[in-house]
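Engineer: Below is the file final_22.txt, which contains compact mmCIF, C-alpha atoms.
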```txt
# COMPACT_ATOMS: atom_id res chain seq x y z
CA MET K 1087 137.14 -73.31 19.60
CA ILE K 1088 137.39 -75.60 22.61
CA SER K 1089 140.43 -76.94 24.46
CA LYS K 1090 138.82 -79.50 26.79
CA ALA K 1091 135.79 -81.73 26.35
CA VAL K 1092 134.07 -84.72 27.92
CA ILE K 1093 132.54 -87.81 26.35
CA LEU K 1094 129.90 -89.89 28.09
CA LEU K 1095 130.32 -93.30 26.45
CA ASN K 1096 127.55 -95.90 26.55
CA LEU K 1097 126.92 -99.21 24.77
CA GLY K 1098 124.52 -98.19 22.01
CA SER K 1099 121.26 -99.24 20.41
CA PRO K 1100 119.78 -100.05 17.01
CA ASP K 1101 118.38 -97.11 15.04
CA SER K 1102 114.94 -98.72 15.13
CA PRO K 1103 113.30 -101.96 16.27
CA THR K 1104 113.17 -103.26 12.70
CA LYS K 1105 114.86 -106.52 11.77
CA LYS K 1106 117.15 -104.68 9.33
CA ASP K 1107 118.42 -102.14 11.85
CA VAL K 1108 118.73 -104.70 14.64
CA ARG K 1109 120.72 -106.97 12.32
CA ARG K 1110 123.10 -104.12 11.47
CA TYR K 1111 123.56 -103.34 15.16
CA LEU K 1112 124.10 -106.97 16.19
CA LYS K 1113 126.59 -107.43 13.37
CA GLU K 1114 128.74 -104.58 14.70
CA PHE K 1115 128.30 -105.60 18.33
CA LEU K 1116 128.96 -109.31 17.93
CA SER K 1117 131.86 -108.79 15.52
CA ASP K 1118 133.80 -107.29 18.42
CA LYS K 1119 136.51 -109.75 19.46
CA ARG K 1120 136.13 -108.63 23.08
CA VAL K 1121 132.45 -109.61 23.04
CA VAL K 1122 132.63 -112.86 21.08
CA ASP K 1123 136.20 -113.77 22.01
CA ILE K 1124 136.92 -116.69 19.74
CA PRO K 1125 139.32 -116.86 16.76
CA LEU K 1126 138.17 -114.79 13.80
CA PRO K 1127 137.24 -117.66 11.43
CA PHE K 1128 135.05 -119.29 14.07
CA ARG K 1129 133.62 -115.93 15.13
CA LEU K 1130 132.54 -115.25 11.56
CA LEU K 1131 131.03 -118.71 11.24
CA VAL K 1132 129.04 -118.29 14.45
CA LEU K 1133 127.98 -114.78 13.50
CA TYR K 1134 126.85 -115.47 9.92
CA LEU K 1135 125.57 -119.03 10.27
CA THR K 1136 124.12 -119.11 13.78
CA ILE K 1137 123.35 -115.61 15.04
CA LEU K 1138 122.51 -113.21 12.20
CA PRO K 1139 120.10 -115.55 10.35
CA PHE K 1140 117.88 -115.94 13.43
CA ARG K 1141 118.60 -113.57 16.32
CA PRO K 1142 117.67 -110.22 14.66
CA LYS K 1143 114.00 -111.25 14.35
CA HIS K 1144 113.70 -112.19 18.01
CA SER K 1145 115.73 -109.19 19.18
CA ALA K 1146 113.65 -106.83 17.03
CA GLU K 1147 110.49 -108.16 18.65
CA ALA K 1148 112.02 -107.56 22.09
CA TYR K 1149 113.11 -104.02 21.19
CA ALA K 1150 109.63 -103.26 19.85
CA LYS K 1151 108.16 -103.97 23.29
CA ILE K 1152 110.19 -101.19 24.92
CA TRP K 1153 110.57 -98.71 22.06
CA THR K 1154 109.08 -95.28 22.69
CA GLU K 1155 107.64 -92.66 20.35
CA THR K 1156 110.98 -90.84 20.52
CA GLY K 1157 113.11 -93.94 20.00
CA SER K 1158 115.46 -96.14 22.01
CA PRO K 1159 115.14 -95.83 25.81
CA LEU K 1160 118.91 -96.16 26.23
CA ILE K 1161 119.63 -93.41 23.71
CA ASN K 1162 116.93 -91.11 25.08
CA ILE K 1163 118.07 -91.57 28.67
CA SER K 1164 121.71 -91.08 27.71
CA LYS K 1165 120.82 -87.85 25.91
CA GLU K 1166 118.97 -86.64 28.99
CA GLN K 1167 121.96 -87.48 31.19
CA ARG K 1168 124.22 -85.49 28.87
CA LYS K 1169 121.83 -82.54 28.91
CA LEU K 1170 121.53 -82.47 32.70
CA VAL K 1171 125.30 -82.67 33.14
CA GLN K 1172 125.86 -79.96 30.53
CA GLU K 1173 123.47 -77.63 32.33
CA GLN K 1174 125.78 -77.61 35.35
CA LEU K 1175 129.09 -77.19 33.52
CA ASP K 1176 130.71 -74.77 31.10
CA ILE K 1177 132.81 -77.47 29.43
CA PRO K 1178 131.44 -79.26 26.33
CA ILE K 1179 129.79 -82.61 27.14
CA ALA K 1180 129.40 -85.02 24.23
CA LEU K 1181 127.64 -88.38 23.99
CA ALA K 1182 128.97 -91.38 22.07
CA MET K 1183 128.04 -95.02 21.67
CA ARG K 1184 130.45 -97.93 21.40
CA TYR K 1185 128.15 -99.49 18.80
CA GLY K 1186 125.67 -97.70 16.60
CA ARG K 1187 125.25 -93.94 16.58
CA PRO K 1188 126.58 -91.44 17.49
CA SER K 1189 129.80 -93.36 16.96
CA VAL K 1190 133.04 -92.82 18.85
CA HIS K 1191 134.75 -91.93 15.58
CA GLU K 1192 132.32 -89.18 14.57
CA VAL K 1193 132.12 -87.66 18.06
CA ILE K 1194 135.88 -87.53 18.64
CA GLY K 1195 136.36 -86.28 15.09
CA SER K 1196 133.93 -83.44 15.69
CA LEU K 1197 135.63 -82.43 18.94
CA ILE K 1198 139.05 -82.46 17.27
CA ASP K 1199 137.69 -80.26 14.46
CA GLN K 1200 136.62 -77.80 17.15
CA GLY K 1201 140.17 -77.65 18.50
CA CYS K 1202 139.92 -80.07 21.40
CA LYS K 1203 143.32 -80.89 22.93
CA GLU K 1204 142.26 -82.68 26.13
CA LEU K 1205 139.51 -85.26 26.44
CA PHE K 1206 137.92 -86.85 29.50
CA VAL K 1207 136.15 -90.11 28.66
CA ILE K 1208 133.58 -91.55 31.06
CA PRO K 1209 132.67 -95.13 30.09
CA LEU K 1210 129.23 -95.61 31.61
CA TYR K 1211 130.11 -99.03 33.02
CA PRO K 1212 130.58 -99.22 36.81
CA GLN K 1213 132.42 -102.56 36.66
CA TYR K 1214 135.33 -103.70 34.49
CA ALA K 1215 134.69 -106.30 31.80
CA MET K 1216 136.49 -106.92 28.53
CA SER K 1217 133.14 -106.91 26.71
CA SER K 1218 132.10 -103.49 28.06
CA TYR K 1219 134.65 -101.21 29.73
CA GLU K 1220 137.73 -102.64 28.01
CA THR K 1221 136.32 -102.54 24.50
CA ALA K 1222 135.08 -98.99 25.06
CA ILE K 1223 138.48 -97.61 26.01
CA PHE K 1224 140.14 -99.66 23.27
CA GLN K 1225 137.84 -98.09 20.70
CA VAL K 1226 138.60 -94.60 21.96
CA SER K 1227 142.34 -95.30 21.83
CA SER K 1228 142.10 -96.71 18.31
CA VAL K 1229 140.18 -93.69 17.03
CA VAL K 1230 142.50 -91.20 18.70
CA ASN K 1231 145.59 -92.93 17.28
CA VAL K 1232 144.17 -92.45 13.80
CA LEU K 1233 142.71 -88.94 14.10
CA LYS K 1234 145.00 -87.14 16.55
CA PRO K 1235 147.69 -89.18 18.32
CA ASP K 1236 148.75 -86.22 20.47
CA LEU K 1237 145.25 -85.73 21.92
CA LYS K 1238 145.52 -86.00 25.70
CA VAL K 1239 142.95 -88.53 26.88
CA THR K 1240 142.01 -89.29 30.48
CA THR K 1241 139.60 -92.14 31.21
CA LEU K 1242 137.50 -92.55 34.34
CA PRO K 1243 138.35 -95.94 35.92
CA PRO K 1244 135.58 -98.38 36.87
CA PHE K 1245 133.71 -96.80 39.78
CA TYR K 1246 132.06 -99.89 41.25
CA ARG K 1247 133.34 -99.12 44.76
CA ASP K 1248 133.16 -95.32 44.67
CA PRO K 1249 131.17 -94.20 47.75
CA ASP K 1250 129.32 -91.59 45.70
CA TYR K 1251 128.28 -94.21 43.16
CA ILE K 1252 127.07 -96.52 45.93
CA GLU K 1253 125.22 -93.57 47.43
CA ALA K 1254 123.59 -92.79 44.09
CA ILE K 1255 122.33 -96.35 43.65
CA TYR K 1256 121.10 -96.42 47.23
CA ASP K 1257 119.24 -93.14 46.67
CA ARG K 1258 117.61 -94.72 43.63
CA ILE K 1259 116.52 -97.96 45.31
CA SER K 1260 115.72 -96.65 48.81
CA PRO K 1261 112.12 -95.55 48.04
CA SER K 1262 111.33 -99.13 46.99
CA LEU K 1263 112.89 -100.46 50.20
CA SER K 1264 110.25 -98.59 52.19
CA THR K 1265 107.54 -100.72 50.58
CA GLU K 1266 106.53 -104.21 51.59
CA PHE K 1267 108.83 -106.78 49.95
CA ASP K 1268 110.36 -110.18 50.64
CA MET K 1269 113.63 -110.00 48.72
CA LEU K 1270 115.91 -107.59 46.87
CA LEU K 1271 117.62 -109.22 43.89
CA LEU K 1272 120.55 -107.43 42.27
CA SER K 1273 120.84 -108.73 38.71
CA PHE K 1274 124.11 -107.90 36.97
CA HIS K 1275 124.84 -108.48 33.31
CA GLY K 1276 126.57 -111.83 32.90
CA ILE K 1277 129.81 -112.65 31.11
CA PRO K 1278 131.44 -115.97 30.16
CA GLU K 1279 133.68 -117.39 32.86
CA ARG K 1280 136.54 -117.47 30.36
CA HIS K 1281 136.47 -113.65 30.26
CA LEU K 1282 137.53 -113.61 33.90
CA HIS K 1283 140.50 -115.81 33.10
CA LYS K 1284 141.49 -113.59 30.17
CA THR K 1285 141.45 -110.40 32.26
CA ASP K 1286 143.21 -112.05 35.23
CA PRO K 1287 146.82 -110.73 35.23
CA SER K 1288 147.96 -113.72 37.29
CA ASN K 1289 146.36 -116.18 34.83
CA ALA K 1290 145.45 -118.40 37.76
CA TYR K 1291 143.54 -116.64 40.52
CA CYS K 1292 140.04 -115.89 39.22
CA LEU K 1293 137.53 -118.66 40.01
CA SER K 1294 140.27 -120.65 41.72
CA SER K 1295 138.07 -121.03 44.80
CA PRO K 1296 134.46 -120.27 45.76
CA ASP K 1297 135.55 -117.31 47.91
CA CYS K 1298 138.30 -115.93 45.65
CA CYS K 1299 136.44 -112.63 45.19
CA SER K 1300 136.39 -111.95 48.93
CA LYS K 1301 140.15 -112.28 49.41
CA PRO K 1302 142.45 -109.34 48.56
CA HIS K 1303 144.22 -109.86 45.23
CA SER K 1304 145.59 -107.78 42.37
CA ALA K 1305 143.24 -109.59 39.97
CA HIS K 1306 140.32 -107.67 41.46
CA ALA K 1307 141.29 -104.56 39.49
CA THR K 1308 139.95 -106.24 36.34
CA CYS K 1309 137.70 -108.92 37.83
CA TYR K 1310 134.09 -108.30 36.86
CA ARG K 1311 132.72 -110.85 39.33
CA HIS K 1312 134.59 -109.34 42.29
CA GLN K 1313 133.47 -105.85 41.35
CA CYS K 1314 129.82 -106.86 41.01
CA LEU K 1315 129.88 -108.66 44.36
CA TYR K 1316 131.60 -105.66 45.98
CA THR K 1317 128.89 -103.32 44.69
CA ALA K 1318 126.18 -105.70 45.85
CA GLU K 1319 127.61 -106.11 49.35
CA ALA K 1320 128.10 -102.36 49.73
CA LEU K 1321 124.48 -101.76 48.77
CA PHE K 1322 123.13 -104.45 51.05
CA GLN K 1323 125.13 -103.04 53.95
CA LYS K 1324 124.07 -99.47 53.26
CA ALA K 1325 120.44 -100.56 53.11
CA ASN K 1326 120.96 -102.52 56.34
CA LEU K 1327 119.25 -105.56 54.86
CA PRO K 1328 119.50 -109.00 56.46
CA LYS K 1329 121.03 -111.71 54.27
CA SER K 1330 117.65 -113.42 54.13
CA LYS K 1331 116.40 -110.51 52.02
CA CYS K 1332 119.38 -110.28 49.65
CA SER K 1333 120.22 -112.12 46.45
CA VAL K 1334 122.61 -111.63 43.52
CA SER K 1335 122.45 -113.09 40.01
CA PHE K 1336 123.77 -112.63 36.45
CA GLN K 1337 121.61 -112.26 33.36
CA SER K 1338 121.79 -112.30 29.55
CA ARG K 1339 123.88 -115.41 28.98
CA LEU K 1340 124.47 -116.51 25.40
CA GLY K 1341 125.68 -119.88 24.14
CA ARG K 1342 126.46 -123.11 25.93
CA LYS K 1343 129.75 -122.28 27.63
CA PRO K 1344 129.54 -121.51 31.39
CA TRP K 1345 128.75 -117.94 32.35
CA LEU K 1346 128.78 -116.37 35.80
CA THR K 1347 126.23 -117.91 38.12
CA PRO K 1348 123.63 -117.95 39.47
CA TYR K 1349 121.70 -117.22 36.29
CA THR K 1350 118.96 -114.65 36.79
CA ASP K 1351 116.20 -116.60 35.06
CA LEU K 1352 116.89 -119.66 37.22
CA GLU K 1353 117.21 -117.52 40.34
CA LEU K 1354 113.78 -116.00 39.66
CA GLU K 1355 112.31 -119.49 39.52
CA ARG K 1356 114.18 -120.58 42.65
CA LEU K 1357 113.05 -117.59 44.69
CA ALA K 1358 109.44 -118.07 43.65
CA HIS K 1359 109.56 -121.77 44.50
CA LYS K 1360 111.19 -120.89 47.82
CA GLY K 1361 108.15 -118.82 48.75
CA VAL K 1362 109.25 -115.30 47.87
CA LYS K 1363 106.09 -113.44 46.89
CA LYS K 1364 107.08 -109.79 46.52
CA LEU K 1365 110.40 -109.34 44.74
CA LEU K 1366 112.34 -106.16 44.06
CA VAL K 1367 114.94 -106.27 41.26
CA ALA K 1368 117.65 -103.69 40.57
CA CYS K 1369 120.35 -103.87 37.88
CA PRO K 1370 123.48 -102.03 39.12
CA ALA K 1371 125.63 -102.92 36.10
CA PHE K 1372 123.51 -100.56 34.00
CA VAL K 1373 123.28 -96.80 34.50
CA SER K 1374 120.51 -96.41 31.92
CA ASP K 1375 117.42 -98.52 31.42
CA CYS K 1376 117.67 -100.55 28.24
CA LEU K 1377 116.63 -103.81 26.60
CA GLU K 1378 118.31 -105.87 29.32
CA THR K 1379 116.41 -104.15 32.12
CA LEU K 1380 113.08 -103.14 30.62
CA GLU K 1381 112.41 -106.23 28.52
CA GLU K 1382 114.59 -108.98 29.95
CA ILE K 1383 113.74 -108.25 33.59
CA GLY K 1384 110.66 -106.05 33.48
CA ILE K 1385 108.74 -108.25 31.04
CA ARG K 1386 110.31 -111.70 30.65
CA GLY K 1387 111.73 -111.87 34.16
CA LYS K 1388 108.46 -110.74 35.65
CA ASP K 1389 106.63 -113.44 33.72
CA ILE K 1390 109.10 -116.12 34.87
CA PHE K 1391 108.80 -115.10 38.51
CA GLU K 1392 105.04 -114.75 38.60
CA SER K 1393 104.38 -117.91 36.58
CA SER K 1394 106.62 -119.79 39.04
CA GLY K 1395 104.49 -118.80 42.02
CA GLY K 1396 105.58 -115.27 42.91
CA ASP K 1397 102.99 -112.54 43.32
CA SER K 1398 104.84 -109.51 42.00
CA LEU K 1399 108.19 -108.50 40.55
CA THR K 1400 108.98 -104.78 40.75
CA LEU K 1401 111.81 -103.54 38.55
CA ILE K 1402 113.59 -100.60 40.17
CA PRO K 1403 114.69 -98.09 37.50
CA CYS K 1404 118.37 -97.65 36.74
CA LEU K 1405 120.17 -94.47 37.76
CA ASN K 1406 118.90 -92.74 34.60
CA ASP K 1407 118.38 -89.03 35.39
CA HIS K 1408 118.44 -89.34 39.18
CA PRO K 1409 119.98 -86.19 40.74
CA SER K 1410 122.52 -88.21 42.76
CA TRP K 1411 123.82 -89.83 39.56
CA ILE K 1412 124.02 -86.54 37.69
CA ARG K 1413 125.86 -85.05 40.67
CA PHE K 1414 128.30 -87.98 40.57
CA LEU K 1415 129.11 -87.30 36.92
CA VAL K 1416 129.41 -83.55 37.44
CA ASN K 1417 131.76 -84.03 40.38
CA LYS K 1418 134.02 -86.36 38.40
CA ILE K 1419 134.20 -83.91 35.52
CA GLU K 1420 134.91 -80.96 37.79
CA SER K 1421 137.71 -82.88 39.51
CA TRP K 1422 139.29 -83.67 36.14
CA ARG K 1423 138.86 -80.13 34.83
CA ASP K 1424 140.33 -78.53 37.94
CA SER K 1425 143.25 -80.96 38.18
CA GLY K 1426 145.13 -79.42 35.33
```
Rewrite the coordinates I just gave you, this time as structure tokens.
Structural biologist:
Amino acid sequence: MISKAVILLNLGSPDSPTKKDVRRYLKEFLSDKRVVDIPLPFRLLVLYLTILPFRPKHSAEAYAKIWTETGSPLINISKEQRKLVQEQLDIPIALAMRYGRPSVHEVIGSLIDQGCKELFVIPLYPQYAMSSYETAIFQVSSVVNVLKPDLKVTTLPPFYRDPDYIEAIYDRISPSLSTEFDMLLLSFHGIPERHLHKTDPSNAYCLSSPDCCSKPHSAHATCYRHQCLYTAEALFQKANLPKSKCSVSFQSRLGRKPWLTPYTDLELERLAHKGVKKLLVACPAFVSDCLETLEEIGIRGKDIFESSGGDSLTLIPCLNDHPSWIRFLVNKIESWRDSG
């Protein structure tokens, strides 16, 4: 029997890079109203008439390029993170995925069956967004309300500005900074601009001016753009890089509505045309390498940059199993465990 437990909660992955499994995964992912945030009838129309008939084939081909003999990189890396954290603690550490398997429902259900009364959930998203952090904690809350409403749940807040998180990313990228390079590009996952408005408690501040993210405001607590830019600036300062060697962009846009800019694919072209030859790219919105880093940046992004005139694009790995990242997680869990 256990009384306390921890869940490391990541996004998820298809079971395999086949069209069938990718379609099943995309169906669950894109049915989420916090991901595709349009009224249900229109969401179903877009999903079943526009996305699911075509996207699974292309996504399956992309997944196949990064799939390993042991499966999904994101799942494998997440399992390794869980193992390394567990080795340093005597409290049960579980792993769950917001979409796909192991599901939040089955993991929480198993912990409850083992007698768990207190749960510490760590969403593996450094920055707040309704399509990542918010939907993760909503799913946990929904499952708990059904299975055990009196389960005490504590959730780690977004840690985009935590000094130990910044230190962990710096430790990961610093070896690459000792090489010869022209520019460091930090590519964050993009979100639609309307998501910022929906998570803005003032309903008026976000994107109200070009420098809104640099001015103190309560909206920053749930503003993905502000949190990404804060992380980026903290990293640039810690690395002591001149502005001429720093760039920020947002990747993975979908649809025709405006997303956060600049777009990574266009920024890769711009930098190459500007004369940047040796480019380093890191993706601080992800703690585990996945489709968006390995394929979108490491393969497609590299091709875009080099075909536009750049000499080399080097993708810096995500935090993955880096000791500084594992130490960050262990410290957060120990603080929670010892607090009560």
Engineer: In terms of the shortest atom-to-atom distance over all atoms listed in the file, which of K:Cys1298, K:Gly1426, K:Gly1201, K:Ile1277 is closest to K:Leu1340?
Structural biologist: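 Between K:Cys1298, K:Gly1426, K:Gly1201, K:Ile1277, the residue approaching K:Leu1340 most closely is K:Ile1277.
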Engineer: If we count only C-alpha atoms, what is near K:Leu1357 at a cut-off of 9 Å, once residues fewer than 4 positions away on the same chain are taken out, given as a VMD selection string?
Structural biologist: chain K and resid 1269 1352 to 1353 1361 to 1363 1365 1391 1394 1396
Engineer: Generate the output file for the selected residues, C-alpha atoms, as a tab-separated table (two decimals), in the frame of the given file.
Structural biologist:
```
chain	number	residue	atom	x	y	z
K	1269	MET	CA	113.63	-110.00	48.72
K	1352	LEU	CA	116.89	-119.66	37.22
K	1353	GLU	CA	117.21	-117.52	40.34
K	1361	GLY	CA	108.15	-118.82	48.75
K	1362	VAL	CA	109.25	-115.30	47.87
K	1363	LYS	CA	106.09	-113.44	46.89
K	1365	LEU	CA	110.40	-109.34	44.74
K	1391	PHE	CA	108.80	-115.10	38.51
K	1394	SER	CA	106.62	-119.79	39.04
K	1396	GLY	CA	105.58	-115.27	42.91
```
Engineer: Residues near stretch 1094-1097 of chain K, anyone? I mean within 10 Å using only C-alpha atoms, not counting same-chain ones fewer than 2 positions away, as a compact mmCIF listing (two decimals) with C-alpha atoms, in the frame of the given file.
Structural biologist:
```txt
# COMPACT_ATOMS: atom_id res chain seq x y z
CA VAL K 1092 134.07 -84.72 27.92
CA SER K 1099 121.26 -99.24 20.41
CA PHE K 1115 128.30 -105.60 18.33
CA LEU K 1160 118.91 -96.16 26.23
CA ILE K 1161 119.63 -93.41 23.71
CA SER K 1164 121.71 -91.08 27.71
CA LYS K 1165 120.82 -87.85 25.91
CA GLN K 1167 121.96 -87.48 31.19
CA ARG K 1168 124.22 -85.49 28.87
CA VAL K 1171 125.30 -82.67 33.14
CA ILE K 1179 129.79 -82.61 27.14
CA ALA K 1180 129.40 -85.02 24.23
CA LEU K 1181 127.64 -88.38 23.99
CA ALA K 1182 128.97 -91.38 22.07
CA MET K 1183 128.04 -95.02 21.67
CA ARG K 1184 130.45 -97.93 21.40
CA TYR K 1185 128.15 -99.49 18.80
CA GLY K 1186 125.67 -97.70 16.60
CA ARG K 1187 125.25 -93.94 16.58
CA PRO K 1188 126.58 -91.44 17.49
CA SER K 1189 129.80 -93.36 16.96
CA VAL K 1190 133.04 -92.82 18.85
CA PHE K 1206 137.92 -86.85 29.50
CA VAL K 1207 136.15 -90.11 28.66
CA ILE K 1208 133.58 -91.55 31.06
CA PRO K 1209 132.67 -95.13 30.09
CA LEU K 1210 129.23 -95.61 31.61
CA TYR K 1211 130.11 -99.03 33.02
CA SER K 1218 132.10 -103.49 28.06
CA TYR K 1219 134.65 -101.21 29.73
CA THR K 1221 136.32 -102.54 24.50
CA ALA K 1222 135.08 -98.99 25.06
CA ILE K 1223 138.48 -97.61 26.01
CA VAL K 1226 138.60 -94.60 21.96
CA PHE K 1372 123.51 -100.56 34.00
CA VAL K 1373 123.28 -96.80 34.50
CA SER K 1374 120.51 -96.41 31.92
CA CYS K 1376 117.67 -100.55 28.24
CA LEU K 1415 129.11 -87.30 36.92
```
Engineer: Work out how far apart atom CA of K:Ala1371 and atom CA of K:Gly1384 are and give it in Å to one decimal.
Structural biologist: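 Atom CA of K:Gly1384 lies 15.5 Å from atom CA of K:Ala1371.
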Engineer: What lies within 10 Å of K:Gln1174 using only C-alpha atoms, ignoring chain neighbours under 5 positions off, as a JSON list (two decimals) with C-alpha atoms, keeping the file's coordinate frame?
Structural biologist:
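Final file, around17.json:
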```
[["chain", "number", "residue", "atom", "x", "y", "z"],
["K", 1169, "LYS", "CA", 121.83, -82.54, 28.91],
["K", 1412, "ILE", "CA", 124.02, -86.54, 37.69],
["K", 1413, "ARG", "CA", 125.86, -85.05, 40.67],
["K", 1416, "VAL", "CA", 129.41, -83.55, 37.44]]
```
Engineer: Neighbouring residues of K:Leu1405 were defined as those with any atom within 10 Å, considering all atoms listed in the file; residues of the same chain fewer than 6 positions away were excluded. Please report them as a PyMOL selection string.
Structural biologist: chain K and resi 1163+1167+1251+1254-1259+1368-1370+1372-1375+1411-1412
Engineer: One decimal, Å: what's the distance from atom CA of K:Glu1420 over to atom CA of K:Asp1176, could you say?
Structural biologist: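 Result for atom CA of K:Glu1420 versus atom CA of K:Asp1176: 10.0 Å, one decimal.
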Engineer: So, with only C-alpha atoms as the atoms that count, which of K:Trp1345, K:Tyr1214, K:Phe1414, K:Tyr1246 lies closest to K:Ala1318?
Structural biologist: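 Under the stated criterion, the closest residue is K:Tyr1246.
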Engineer: Taking into account all atoms listed in the file, which residue in the set K:Val1367, K:Leu1354, K:Leu1263, K:Leu1346 is nearest to K:Asn1326?
Structural biologist: K:Leu1263
Engineer: Please indicate the distance in Å from atom CA of K:Val1121 to atom CA of K:Met1216, rounded to one decimal place.
Structural biologist: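 Distance between the two atoms: 7.3 Å.
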Engineer: Could you list, as a PyMOL selection string, every residue within 9 Å of K:Arg1247, counting all atoms listed in the file and ignoring same-chain residues fewer than 5 positions away?
Structural biologist: chain K and resi 1212-1213+1252+1313+1316-1317+1320
Engineer: Between K:Tyr1291, K:Tyr1349, K:Phe1224, K:Tyr1310, which has the minimum distance to K:Leu1272 (counting only C-alpha atoms)?
Structural biologist: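 Checking each of K:Tyr1291, K:Tyr1349, K:Phe1224, K:Tyr1310 against K:Leu1272, counting only C-alpha atoms, the winner is K:Tyr1349.
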Engineer: Closest to K:Ile1419 among K:Pro1142, K:Pro1125, K:Pro1178, K:Pro1261, using only C-alpha atoms?
Structural biologist: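 Among the listed residues, the smallest separation from K:Ile1419 belongs to K:Pro1178.
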Engineer: Find the residue from K:Leu1205, K:Ala1091, K:Val1132, K:Cys1404 that sits nearest to K:Leu1175; use only C-alpha atoms when measuring.
Structural biologist: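 Of all the options, K:Ala1091 lies closest to K:Leu1175.
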